[in-house]
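Engineer: You'll find coords38.pdb just under this line, and it carries PDB, C-alpha atoms.
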ATOM      1  CA  MET A 517       4.713 -10.634  30.852
ATOM      2  CA  ALA A 518       8.026  -9.035  29.970
ATOM      3  CA  THR A 519       6.292  -6.419  27.871
ATOM      4  CA  LEU A 520       3.931  -5.503  30.681
ATOM      5  CA  CYS A 521       6.810  -5.126  33.074
ATOM      6  CA  HIS A 522       8.691  -2.898  30.638
ATOM      7  CA  SER A 523       5.816  -0.536  29.848
ATOM      8  CA  ALA A 524       4.630  -0.315  33.435
ATOM      9  CA  HIS A 525       7.918   1.117  34.626
ATOM     10  CA  THR A 526       9.022   3.268  31.716
ATOM     11  CA  ARG A 527       7.282   6.331  33.134
ATOM     12  CA  THR A 528       9.006   6.119  36.503
ATOM     13  CA  PHE A 529      12.571   5.409  35.462
ATOM     14  CA  GLY A 530      13.397   9.064  34.774
ATOM     15  CA  LYS A 531      12.713  10.042  38.381
ATOM     16  CA  ILE A 532      14.645   7.079  39.681
ATOM     17  CA  GLY A 533      17.566   7.834  37.396
ATOM     18  CA  ARG A 534      17.852  11.376  38.744
ATOM     19  CA  ARG A 535      17.493  10.472  42.395
ATOM     20  CA  ASN A 536      19.567   7.313  42.433
ATOM     21  CA  ALA A 537      21.966   7.673  39.497
ATOM     22  CA  ALA A 538      24.770   6.147  41.532
ATOM     23  CA  LYS A 539      22.758   2.978  42.090
ATOM     24  CA  VAL A 540      22.352   2.088  38.400
ATOM     25  CA  LEU A 541      24.317  -1.083  37.607
ATOM     26  CA  CYS A 542      24.604  -3.854  35.047
ATOM     27  CA  SER A 543      23.254  -7.277  35.798
ATOM     28  CA  THR A 544      22.822 -10.580  34.002
ATOM     29  CA  GLN A 545      20.297 -11.991  36.464
ATOM     30  CA  MET A 546      16.845 -12.272  34.933
ATOM     31  CA  PRO A 547      13.508 -13.916  35.487
ATOM     32  CA  PRO A 548      13.611 -17.347  33.807
ATOM     33  CA  SER A 549      10.890 -16.399  31.319
ATOM     34  CA  GLN A 550      12.838 -13.481  29.845
ATOM     35  CA  SER A 551      14.722 -13.850  26.559
ATOM     36  CA  THR A 552      16.929 -10.776  26.913
ATOM     37  CA  ILE A 553      20.341 -11.321  28.466
ATOM     38  CA  LYS A 554      21.499  -7.843  29.392
ATOM     39  CA  VAL A 555      19.437  -5.555  31.585
ATOM     40  CA  LEU A 556      19.869  -2.424  33.621
ATOM     41  CA  THR A 557      18.557  -2.378  37.134
ATOM     42  CA  ALA A 558      17.725   0.619  39.265
ATOM     43  CA  THR A 559      16.911   0.565  42.952
ATOM     44  CA  SER A 560      14.370   2.876  44.550
ATOM     45  CA  SER A 561      12.211   2.939  47.634
ATOM     46  CA  GLU A 562       9.657   0.960  45.601
ATOM     47  CA  GLY A 563      12.067  -1.889  44.979
ATOM     48  CA  LYS A 564      13.978  -3.114  41.931
ATOM     49  CA  ILE A 565      12.954  -2.208  38.374
ATOM     50  CA  TRP A 566      14.003  -4.159  35.295
ATOM     51  CA  TRP A 567      15.034  -2.107  32.255
ATOM     52  CA  TYR A 568      15.866  -4.058  29.112
ATOM     53  CA  ILE A 569      18.659  -3.196  26.712
ATOM     54  CA  GLU A 570      17.860  -3.247  23.021
ATOM     55  CA  LYS A 571      20.776  -4.110  20.774
ATOM     56  CA  VAL A 572      20.816  -1.886  17.702
ATOM     57  CA  VAL A 573      22.470  -2.592  14.353
ATOM     58  CA  ILE A 574      22.920   0.348  11.977
ATOM     59  CA  ILE A 575      23.194  -0.228   8.220
ATOM     60  CA  GLY A 576      24.716   2.699   6.367
ATOM     61  CA  ALA A 577      26.859   3.536   9.367
ATOM     62  CA  THR A 578      29.353   5.808   7.590
ATOM     63  CA  LYS A 579      26.718   8.123   6.087
ATOM     64  CA  GLU A 580      26.142  11.391   7.920
ATOM     65  CA  ILE A 581      22.863  10.126   9.355
ATOM     66  CA  GLY A 582      24.491   6.799  10.242
ATOM     67  CA  ARG A 583      27.326   8.429  12.159
ATOM     68  CA  THR A 584      24.876  10.673  13.992
ATOM     69  CA  ALA A 585      22.680   7.678  14.805
ATOM     70  CA  ILE A 586      25.623   5.769  16.262
ATOM     71  CA  ALA A 587      26.194   8.545  18.787
ATOM     72  CA  ALA A 588      22.481   8.934  19.536
ATOM     73  CA  VAL A 589      21.916   5.212  20.117
ATOM     74  CA  SER A 590      25.044   4.928  22.276
ATOM     75  CA  LYS A 591      23.768   7.721  24.520
ATOM     76  CA  ALA A 592      20.146   6.550  24.645
ATOM     77  CA  ARG A 593      18.938   4.865  27.807
ATOM     78  CA  GLY A 594      18.197   1.176  27.340
ATOM     79  CA  MET A 595      20.030   0.854  24.016
ATOM     80  CA  GLU A 596      23.373  -0.561  22.992
ATOM     81  CA  LEU A 597      25.074  -0.380  19.606
ATOM     82  CA  ALA A 598      25.689  -3.966  18.521
ATOM     83  CA  GLY A 599      26.804  -3.491  14.941
ATOM     84  CA  ALA A 600      27.791  -0.897  12.338
ATOM     85  CA  ILE A 601      27.397  -2.078   8.751
ATOM     86  CA  ASP A 602      28.826  -0.361   5.676
ATOM     87  CA  SER A 603      31.034  -1.001   2.661
ATOM     88  CA  GLN A 604      33.331   1.893   3.585
ATOM     89  CA  CYS A 605      35.682   2.479   6.528
ATOM     90  CA  ILE A 606      35.697  -1.262   7.247
ATOM     91  CA  GLY A 607      37.583  -2.053  10.442
ATOM     92  CA  LEU A 608      37.411   1.458  11.872
ATOM     93  CA  ASP A 609      35.761   1.937  15.250
ATOM     94  CA  ALA A 610      32.143   3.105  15.072
ATOM     95  CA  GLY A 611      32.658   5.546  17.907
ATOM     96  CA  GLU A 612      35.683   7.130  16.273
ATOM     97  CA  ILE A 613      34.032   7.697  12.887
ATOM     98  CA  SER A 614      31.094   9.268  14.750
ATOM     99  CA  GLY A 615      33.332  11.769  16.519
ATOM    100  CA  MET A 616      32.697  10.346  19.970
ATOM    101  CA  GLU A 617      35.263  10.954  22.683
ATOM    102  CA  GLU A 618      35.739   7.271  23.411
ATOM    103  CA  ALA A 619      35.922   4.260  21.120
ATOM    104  CA  LEU A 620      32.929   1.910  21.245
ATOM    105  CA  GLU A 621      34.999  -1.161  20.342
ATOM    106  CA  ILE A 622      32.466  -1.885  17.593
ATOM    107  CA  PRO A 623      34.245  -2.091  14.205
ATOM    108  CA  VAL A 624      32.521  -1.158  10.963
ATOM    109  CA  LEU A 625      31.818  -4.396   9.095
ATOM    110  CA  ASN A 626      30.403  -5.375   5.733
ATOM    111  CA  ASP A 627      28.880  -8.640   6.960
ATOM    112  CA  LEU A 628      25.326  -8.203   8.257
ATOM    113  CA  THR A 629      24.809 -11.949   8.660
ATOM    114  CA  MET A 630      27.721 -12.289  11.076
ATOM    115  CA  VAL A 631      26.498  -9.422  13.262
ATOM    116  CA  LEU A 632      22.914 -10.703  13.326
ATOM    117  CA  GLY A 633      24.150 -14.207  14.130
ATOM    118  CA  SER A 634      26.108 -13.005  17.136
ATOM    119  CA  ILE A 635      23.047 -11.190  18.488
ATOM    120  CA  ALA A 636      20.848 -14.246  17.931
ATOM    121  CA  GLN A 637      23.273 -16.403  19.921
ATOM    122  CA  THR A 638      22.822 -14.161  22.955
ATOM    123  CA  ARG A 639      19.013 -14.275  22.567
ATOM    124  CA  ALA A 640      19.003 -10.501  23.035
ATOM    125  CA  THR A 641      16.261  -8.179  21.857
ATOM    126  CA  GLY A 642      17.436  -6.219  18.838
ATOM    127  CA  VAL A 643      16.477  -3.781  16.093
ATOM    128  CA  VAL A 644      18.079  -3.197  12.705
ATOM    129  CA  VAL A 645      18.121   0.420  11.525
ATOM    130  CA  ASP A 646      18.455   0.633   7.739
ATOM    131  CA  PHE A 647      19.850   3.774   6.086
ATOM    132  CA  SER A 648      21.065   1.902   3.005
ATOM    133  CA  GLU A 649      19.687   2.065  -0.557
ATOM    134  CA  PRO A 650      16.268   1.182  -2.025
ATOM    135  CA  SER A 651      17.701  -1.838  -3.836
ATOM    136  CA  THR A 652      18.924  -3.509  -0.620
ATOM    137  CA  VAL A 653      16.125  -2.718   1.831
ATOM    138  CA  TYR A 654      13.975  -5.780   1.121
ATOM    139  CA  ASP A 655      16.845  -8.233   1.586
ATOM    140  CA  ASN A 656      18.038  -6.443   4.732
ATOM    141  CA  VAL A 657      14.606  -6.632   6.383
ATOM    142  CA  LYS A 658      14.236 -10.319   5.439
ATOM    143  CA  GLN A 659      17.668 -11.088   6.825
ATOM    144  CA  ALA A 660      16.942  -9.263  10.078
ATOM    145  CA  ALA A 661      13.644 -11.128  10.433
ATOM    146  CA  ALA A 662      15.386 -14.465   9.888
ATOM    147  CA  PHE A 663      17.385 -13.768  13.051
ATOM    148  CA  GLY A 664      14.348 -12.481  14.982
ATOM    149  CA  LEU A 665      15.054  -8.742  14.736
ATOM    150  CA  ASN A 666      12.545  -6.062  13.748
ATOM    151  CA  SER A 667      13.575  -3.185  11.476
ATOM    152  CA  VAL A 668      13.370   0.588  11.174
ATOM    153  CA  VAL A 669      13.795   1.719   7.556
ATOM    154  CA  TYR A 670      14.621   5.298   6.625
ATOM    155  CA  VAL A 671      15.440   5.266   2.924
ATOM    156  CA  PRO A 672      13.614   8.269   1.400
ATOM    157  CA  LYS A 673      13.807   6.995  -2.203
ATOM    158  CA  ILE A 674      12.226   3.617  -1.460
ATOM    159  CA  GLU A 675       9.576   2.581  -4.002
ATOM    160  CA  LEU A 676       6.006   1.981  -2.848
ATOM    161  CA  ASP A 677       6.114  -1.412  -4.583
ATOM    162  CA  THR A 678       8.945  -2.385  -2.246
ATOM    163  CA  VAL A 679       6.916  -1.207   0.743
ATOM    164  CA  THR A 680       3.993  -3.338  -0.431
ATOM    165  CA  GLU A 681       6.222  -6.402  -0.772
ATOM    166  CA  LEU A 682       7.722  -5.779   2.657
ATOM    167  CA  SER A 683       4.267  -5.415   4.179
ATOM    168  CA  ALA A 684       3.207  -8.808   2.807
ATOM    169  CA  PHE A 685       6.415 -10.412   4.056
ATOM    170  CA  CYS A 686       6.134  -8.935   7.564
ATOM    171  CA  GLU A 687       2.497  -9.971   7.814
ATOM    172  CA  LYS A 688       3.361 -13.551   6.892
ATOM    173  CA  ALA A 689       6.432 -13.695   9.139
ATOM    174  CA  SER A 690       4.762 -11.828  12.045
ATOM    175  CA  MET A 691       7.757  -9.488  12.223
ATOM    176  CA  GLY A 692       7.675  -5.761  12.870
ATOM    177  CA  CYS A 693       8.984  -3.056  10.569
ATOM    178  CA  LEU A 694       8.617   0.718  10.403
ATOM    179  CA  VAL A 695       9.129   2.345   7.012
ATOM    180  CA  ALA A 696       9.481   6.065   7.668
ATOM    181  CA  PRO A 697       9.362   8.677   4.880
ATOM    182  CA  THR A 698      10.761  11.004   7.531
ATOM    183  CA  LEU A 699      12.115  10.600  11.052
ATOM    184  CA  SER A 700      11.645  14.274  11.879
ATOM    185  CA  ILE A 701       8.908  14.706  14.470
ATOM    186  CA  GLY A 702       8.538  18.332  13.378
ATOM    187  CA  SER A 703       7.960  17.275   9.779
ATOM    188  CA  VAL A 704       5.304  14.773  10.863
ATOM    189  CA  LEU A 705       3.518  17.424  12.922
ATOM    190  CA  LEU A 706       3.660  19.795   9.938
ATOM    191  CA  GLN A 707       2.013  17.176   7.736
ATOM    192  CA  GLN A 708      -0.697  16.465  10.291
ATOM    193  CA  ALA A 709      -1.478  20.182  10.629
ATOM    194  CA  ALA A 710      -1.629  20.470   6.828
ATOM    195  CA  ILE A 711      -4.227  17.694   6.622
ATOM    196  CA  GLN A 712      -6.424  19.499   9.147
ATOM    197  CA  ALA A 713      -6.070  22.826   7.339
ATOM    198  CA  SER A 714      -6.787  21.358   3.908
ATOM    199  CA  PHE A 715     -10.466  20.865   4.784
ATOM    200  CA  HIS A 716     -10.910  24.601   5.333
ATOM    201  CA  TYR A 717      -8.983  26.285   2.491
ATOM    202  CA  ASN A 718      -9.304  26.138  -1.289
ATOM    203  CA  ASN A 719      -5.845  27.446  -2.141
ATOM    204  CA  VAL A 720      -2.563  25.865  -1.099
ATOM    205  CA  GLU A 721       1.035  26.105  -2.255
ATOM    206  CA  ILE A 722       4.195  24.501  -0.897
ATOM    207  CA  VAL A 723       7.422  26.507  -0.859
ATOM    208  CA  GLU A 724      10.628  24.706   0.030
ATOM    209  CA  SER A 725      14.333  25.488   0.111
ATOM    210  CA  ARG A 726      17.202  23.036  -0.045
ATOM    211  CA  PRO A 727      20.990  23.564  -0.185
ATOM    212  CA  ASN A 728      21.391  21.529  -3.397
ATOM    213  CA  PRO A 729      19.151  20.809  -6.407
ATOM    214  CA  SER A 730      19.121  17.022  -6.148
ATOM    215  CA  ASP A 731      15.803  15.210  -5.764
ATOM    216  CA  LEU A 732      13.488  18.188  -6.127
ATOM    217  CA  PRO A 733      10.702  18.396  -5.296
ATOM    218  CA  SER A 734      11.747  16.907  -1.977
ATOM    219  CA  GLN A 735      10.244  13.804  -0.416
ATOM    220  CA  ASP A 736       8.718  16.054   2.266
ATOM    221  CA  ALA A 737       6.866  18.113  -0.364
ATOM    222  CA  ILE A 738       5.697  14.982  -2.176
ATOM    223  CA  GLN A 739       4.474  13.438   1.076
ATOM    224  CA  ILE A 740       2.562  16.596   2.031
ATOM    225  CA  ALA A 741       0.924  16.740  -1.399
ATOM    226  CA  ASN A 742      -0.017  13.056  -1.155
ATOM    227  CA  ASN A 743      -1.492  13.557   2.300
ATOM    228  CA  ILE A 744      -3.834  16.372   1.238
ATOM    229  CA  THR A 745      -4.799  14.772  -2.081
ATOM    230  CA  ASP A 746      -7.970  12.700  -2.492
ATOM    231  CA  LEU A 747      -9.678  14.439   0.411
ATOM    232  CA  GLY A 748     -12.507  15.717  -1.753
ATOM    233  CA  GLN A 749     -10.836  19.087  -2.259
ATOM    234  CA  ILE A 750      -9.621  20.704  -5.492
ATOM    235  CA  TYR A 751      -7.063  23.449  -4.869
ATOM    236  CA  ASN A 752      -6.140  26.566  -6.849
ATOM    237  CA  ARG A 753      -9.062  26.185  -9.246
ATOM    238  CA  GLU A 754      -8.489  29.646 -10.762
ATOM    239  CA  ASP A 755      -5.290  28.604 -12.551
ATOM    240  CA  MET A 756      -5.182  24.829 -12.170
ATOM    241  CA  ASP A 757      -4.618  24.407 -15.919
ATOM    242  CA  PHE A 758      -2.103  27.257 -16.185
ATOM    243  CA  ASP A 759       1.202  25.682 -17.234
ATOM    244  CA  ASN A 760       3.569  28.640 -16.804
ATOM    245  CA  PRO A 761       6.719  27.178 -15.143
ATOM    246  CA  ALA A 762       6.880  30.205 -12.865
ATOM    247  CA  ARG A 763       3.739  28.946 -11.150
ATOM    248  CA  GLY A 764       5.564  25.870  -9.893
ATOM    249  CA  GLN A 765       5.045  22.162 -10.401
ATOM    250  CA  ILE A 766       1.679  20.544  -9.744
ATOM    251  CA  LEU A 767       1.918  17.459  -7.525
ATOM    252  CA  GLY A 768      -0.906  14.976  -7.798
ATOM    253  CA  GLU A 769      -4.277  15.564  -9.450
ATOM    254  CA  ASP A 770      -5.844  18.014  -7.005
ATOM    255  CA  GLY A 771      -3.864  21.117  -7.932
ATOM    256  CA  VAL A 772      -1.251  21.287  -5.130
ATOM    257  CA  ARG A 773       1.685  23.372  -6.372
ATOM    258  CA  VAL A 774       5.258  23.277  -5.114
ATOM    259  CA  HIS A 775       8.003  25.865  -5.566
ATOM    260  CA  SER A 776      11.560  24.708  -4.845
ATOM    261  CA  MET A 777      14.413  27.092  -4.082
ATOM    262  CA  VAL A 778      18.084  26.110  -4.110
ATOM    263  CA  LEU A 779      20.178  28.453  -1.993
ATOM    264  CA  PRO A 780      23.497  27.111  -0.654
ATOM    265  CA  GLY A 781      23.930  28.052   2.973
ATOM    266  CA  LEU A 782      20.193  28.331   3.577
ATOM    267  CA  ALA A 783      18.680  25.883   6.049
ATOM    268  CA  SER A 784      16.336  23.310   4.585
ATOM    269  CA  SER A 785      12.834  24.657   4.970
ATOM    270  CA  THR A 786       9.302  23.615   4.059
ATOM    271  CA  SER A 787       6.376  26.037   4.166
ATOM    272  CA  ILE A 788       2.742  25.377   3.338
ATOM    273  CA  HIS A 789       0.638  28.423   2.509
ATOM    274  CA  PHE A 790      -3.154  28.142   2.708
ATOM    275  CA  SER A 791      -5.417  31.040   1.815
ATOM    276  CA  GLY A 792      -9.081  31.850   2.168
ATOM    277  CA  PRO A 793     -11.206  34.997   2.038
ATOM    278  CA  GLY A 794      -9.270  37.713   3.852
ATOM    279  CA  GLU A 795      -6.615  35.484   5.409
ATOM    280  CA  ILE A 796      -3.456  33.451   4.842
ATOM    281  CA  TYR A 797      -2.509  30.513   7.052
ATOM    282  CA  THR A 798       1.155  29.437   6.923
ATOM    283  CA  LEU A 799       2.800  26.338   8.355
ATOM    284  CA  ARG A 800       6.601  26.159   8.374
ATOM    285  CA  HIS A 801       9.288  23.709   9.412
ATOM    286  CA  ASP A 802      13.024  24.505   9.314
ATOM    287  CA  VAL A 803      15.833  21.972   9.620
ATOM    288  CA  THR A 804      19.350  23.023  10.594
ATOM    289  CA  ASN A 805      21.093  19.639  10.696
ATOM    290  CA  VAL A 806      20.614  15.877  10.811
ATOM    291  CA  GLN A 807      20.189  15.926  14.595
ATOM    292  CA  CYS A 808      16.520  16.710  13.989
ATOM    293  CA  LEU A 809      15.996  13.065  13.011
ATOM    294  CA  MET A 810      17.398  11.517  16.177
ATOM    295  CA  PRO A 811      14.434  11.909  18.587
ATOM    296  CA  GLY A 812      12.212  10.278  15.990
ATOM    297  CA  LEU A 813      14.742   7.496  15.438
ATOM    298  CA  ILE A 814      15.032   6.694  19.150
ATOM    299  CA  LEU A 815      11.229   6.698  19.440
ATOM    300  CA  ALA A 816      10.958   4.356  16.451
ATOM    301  CA  ILE A 817      13.492   1.904  17.893
ATOM    302  CA  ARG A 818      11.613   1.766  21.188
ATOM    303  CA  LYS A 819       8.214   1.257  19.536
ATOM    304  CA  VAL A 820       9.032  -1.099  16.648
ATOM    305  CA  ILE A 821      10.149  -3.834  19.016
ATOM    306  CA  ARG A 822       6.488  -4.587  19.827
ATOM    307  CA  LEU A 823       5.226  -4.724  16.234
ATOM    308  CA  LYS A 824       4.180  -7.875  14.397
ATOM    309  CA  ASN A 825       3.564  -6.219  11.029
ATOM    310  CA  LEU A 826       4.715  -3.289   8.879
ATOM    311  CA  ILE A 827       3.808   0.280   9.756
ATOM    312  CA  TYR A 828       4.276   3.111   7.244
ATOM    313  CA  GLY A 829       4.960   6.528   8.752
ATOM    314  CA  LEU A 830       6.391   7.704  12.066
ATOM    315  CA  GLU A 831       3.069   9.405  12.870
ATOM    316  CA  LYS A 832       1.643   6.002  13.835
ATOM    317  CA  PHE A 833       3.919   6.109  16.892
ATOM    318  CA  LEU A 834       3.147   9.657  18.015
TER     319      LEU A 834
END
Give the structure from this file in structure tokens form.

Structural biologist:
Amino acid sequence: MATLCHSAHTRTFGKIGRRNAAKVLCSTQMPPSQSTIKVLTATSSEGKIWWYIEKVVIIGATKEIGRTAIAAVSKARGMELAGAIDSQCIGLDAGEISGMEEALEIPVLNDLTMVLGSIAQTRATGVVVDFSEPSTVYDNVKQAAAFGLNSVVYVPKIELDTVTELSAFCEKASMGCLVAPTLSIGSVLLQQAAIQASFHYNNVEIVESRPNPSDLPSQDAIQIANNITDLGQIYNREDMDFDNPARGQILGEDGVRVHSMVLPGLASSTSIHFSGPGEIYTLRHDVTNVQCLMPGLILAIRKVIRLKNLIYGLEKFL
């Protein structure tokens, strides 16, 4: 019943917030059947609306994406930062390391169990956001599930074997988890458009630019190549067996080629070039900074709370 109440009023809260911003207040009064302790209430001509606060724990809090996520979660409606986990900057305030104007009074800690335990004691709804390393993801998700929290995992180098193991665990435990190769909504839309185009063109090449040479080809290029492979299409047949390095690296078995440029100061960019008789169709996505991942992250946190299994890819929520 709580879920129905939440989804039924999500669409109307924006109007209420604008018209009655002064009437928004904190309350601890709840219907007896609810498990969440803290809620926001807003009053309108239609009566009182319940808006639940999700407590969010961020692992990898001192990384650039972690610091940006701290600020984004703190500003997001219906969310509250409940923990910042990292092995660096221990004891420093999460708001201060994120460049926020005011301290959040949430210290950076290296003890995930303690933070999860404190949330479990309040019986609050929570989500763990994991920006850590591939070697720790499985244990982090299991630990979050043990305390009743679902997880959002954005660790680009995670192995597919780990994802498979996590999927089996989540299925057995009936806990939700999103493993996202990317949190950029623009990148997801680019990949979806590429899948549609791949059925209509026989030639395709990916051209990407990154500010440093690490991890090339990028995870975005690999994901795009994977998405348009095994669709019954063989690309670039004319020189599929041509091994000149200048022609770029072939990803997969269907002839998709990728060319990676490293130009410091140039924004990260991914372009997909399709060609057919008399035409070229180009898809392009540019990224200027890590802020591009925040809308996708906030969407993932809102959606993962309802899951009872593992979902791979942010596109499942769009």

Engineer: Here's the selection I'm unsure about, the PyMOL selection byres ((chain A and resi 781) around 9); applied to the file above, which residues does it give, as a list in words?

Structural biologist: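 When the PyMOL selection byres ((chain A and resi 781) around 9) is applied to the shown file, the picked residues are Arg726, Pro727, Leu779, Pro780, Leu782 and Ala783 of chain A.
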
Engineer: Could you list, as a PyMOL selection string, every residue matched by the PyMOL selection byres ((chain A and resi 713) around 12) in this structure?

Structural biologist: chain A and resi 706-712+714-720+740+743-744+747+749+788-792+796-799

Engineer: Where does the PyMOL selection byres ((chain A and resi 810) around 8) land in this file, that is, which residues does it pick, as a PDB file with C-alpha atoms, in the coordinates of the input?

Structural biologist:
ATOM      1  CA  THR A 584      24.876  10.673  13.992  1.00  0.00           C
ATOM      2  CA  ALA A 585      22.680   7.678  14.805  1.00  0.00           C
ATOM      3  CA  ALA A 588      22.481   8.934  19.536  1.00  0.00           C
ATOM      4  CA  LEU A 699      12.115  10.600  11.052  1.00  0.00           C
ATOM      5  CA  SER A 700      11.645  14.274  11.879  1.00  0.00           C
ATOM      6  CA  VAL A 806      20.614  15.877  10.811  1.00  0.00           C
ATOM      7  CA  GLN A 807      20.189  15.926  14.595  1.00  0.00           C
ATOM      8  CA  CYS A 808      16.520  16.710  13.989  1.00  0.00           C
ATOM      9  CA  LEU A 809      15.996  13.065  13.011  1.00  0.00           C
ATOM     10  CA  PRO A 811      14.434  11.909  18.587  1.00  0.00           C
ATOM     11  CA  GLY A 812      12.212  10.278  15.990  1.00  0.00           C
ATOM     12  CA  LEU A 813      14.742   7.496  15.438  1.00  0.00           C
ATOM     13  CA  ILE A 814      15.032   6.694  19.150  1.00  0.00           C
TER      14      ILE A 814
END

Engineer: Figure out the distance between atom CA of A:Val643 and atom CA of A:Glu687, please, to one decimal in Å.

Structural biologist: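 These atoms are spaced 17.4 Å apart.
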
Engineer: Which residue out of A:Val671, A:Val644, A:Val657, A:Leu625 has the minimum interatomic distance to A:Ile817 when all atoms listed in the file are used?

Structural biologist: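 Closest candidate: A:Val644.
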
Engineer: Would you mind reading off the distance between atom CA of A:Leu694 and atom CA of A:Glu681, one decimal, in Å?

Structural biologist: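 Here the two named atoms are 13.5 Å from each other.
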
Engineer: I'd like the contact shell of stretch 674-678 of chain A - 9 Å cut-off, all atoms listed in the file, skipping same-chain residues fewer than 5 positions apart - returned as a ChimeraX atom specification.

Structural biologist: /A:649-651,653-654,683,697

Engineer: Just want the 9 Å neighbourhood of A:Asp802, counted on all atoms listed in the file, with same-chain residues fewer than 6 positions away dropped. Output as a ChimeraX atom specification.

Structural biologist: /A:702-703,783-787

Engineer: Let me have the centre and edge lengths in Å, one decimal, of the box along x, y and z around every listed atom of stretch 569-579 of chain A with 8 Å of margin on each side, as lines of an AutoDock Vina configuration file.

Structural biologist:
center_x = 23.6
center_y = 2.0
center_z = 16.4
size_x = 27.5
size_y = 28.2
size_z = 36.6

Engineer: I need the residue nearest A:Asp627 from this list: A:Ile575, A:Leu823, A:Leu834, A:Val803. Use only C-alpha atoms for the distance.

Structural biologist: A:Ile575

Engineer: Interatomic distance between atom CA of A:Arg763 and atom CA of A:Lys673?

Structural biologist: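 Atom CA of A:Lys673 lies at a distance of 25.8 Å from atom CA of A:Arg763.
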
Engineer: Any idea what's packed within 8 Å of A:Tyr670, counting all atoms listed in the file, ignoring anything in its chain fewer than 3 positions away? Could you give it as an MDAnalysis selection string?

Structural biologist: chainID A and resid 645:647 695:699

Engineer: Those same residues - C-alpha atoms - I'd like them written as a PDB file, keeping the file's coordinate frame.

Structural biologist:
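Contents of again_34.pdb, as written:
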ATOM      1  CA  VAL A 645      18.121   0.420  11.525  1.00  0.00           C
ATOM      2  CA  ASP A 646      18.455   0.633   7.739  1.00  0.00           C
ATOM      3  CA  PHE A 647      19.850   3.774   6.086  1.00  0.00           C
ATOM      4  CA  VAL A 695       9.129   2.345   7.012  1.00  0.00           C
ATOM      5  CA  ALA A 696       9.481   6.065   7.668  1.00  0.00           C
ATOM      6  CA  PRO A 697       9.362   8.677   4.880  1.00  0.00           C
ATOM      7  CA  THR A 698      10.761  11.004   7.531  1.00  0.00           C
ATOM      8  CA  LEU A 699      12.115  10.600  11.052  1.00  0.00           C
TER       9      LEU A 699
END

Engineer: For A:Arg773, find every residue with an atom within 6 Å (counting only C-alpha atoms), except residues of its own chain fewer than 4 positions away, and show them as JSON, numbers by chain.

Structural biologist: {"A": [721, 764, 765, 766]}

Engineer: Considering all atoms listed in the file, can you say which of A:Ala610, A:Ala598, A:Cys693, A:Ile701 comes closest to A:Glu831?

Structural biologist: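 Between A:Ala610, A:Ala598, A:Cys693, A:Ile701, the residue approaching A:Glu831 most closely is A:Ile701.
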
Engineer: Please identify all polymer residues within 7 Å of A:Val572, counting all atoms listed in the file, omitting same-chain residues fewer than 2 positions from it, and present them as a PDB file with C-alpha atoms, in the frame of the given file.

Structural biologist:
ATOM      1  CA  GLU A 570      17.860  -3.247  23.021  1.00  0.00           C
ATOM      2  CA  ILE A 574      22.920   0.348  11.977  1.00  0.00           C
ATOM      3  CA  MET A 595      20.030   0.854  24.016  1.00  0.00           C
ATOM      4  CA  GLU A 596      23.373  -0.561  22.992  1.00  0.00           C
ATOM      5  CA  LEU A 597      25.074  -0.380  19.606  1.00  0.00           C
ATOM      6  CA  ALA A 598      25.689  -3.966  18.521  1.00  0.00           C
ATOM      7  CA  GLY A 599      26.804  -3.491  14.941  1.00  0.00           C
ATOM      8  CA  GLY A 642      17.436  -6.219  18.838  1.00  0.00           C
ATOM      9  CA  VAL A 643      16.477  -3.781  16.093  1.00  0.00           C
ATOM     10  CA  VAL A 644      18.079  -3.197  12.705  1.00  0.00           C
TER      11      VAL A 644
END

Engineer: Between A:Ala689, A:Asp755, A:Pro761, A:Phe833, which has the minimum distance to A:Leu705 (counting only C-alpha atoms)?

Structural biologist: A:Phe833
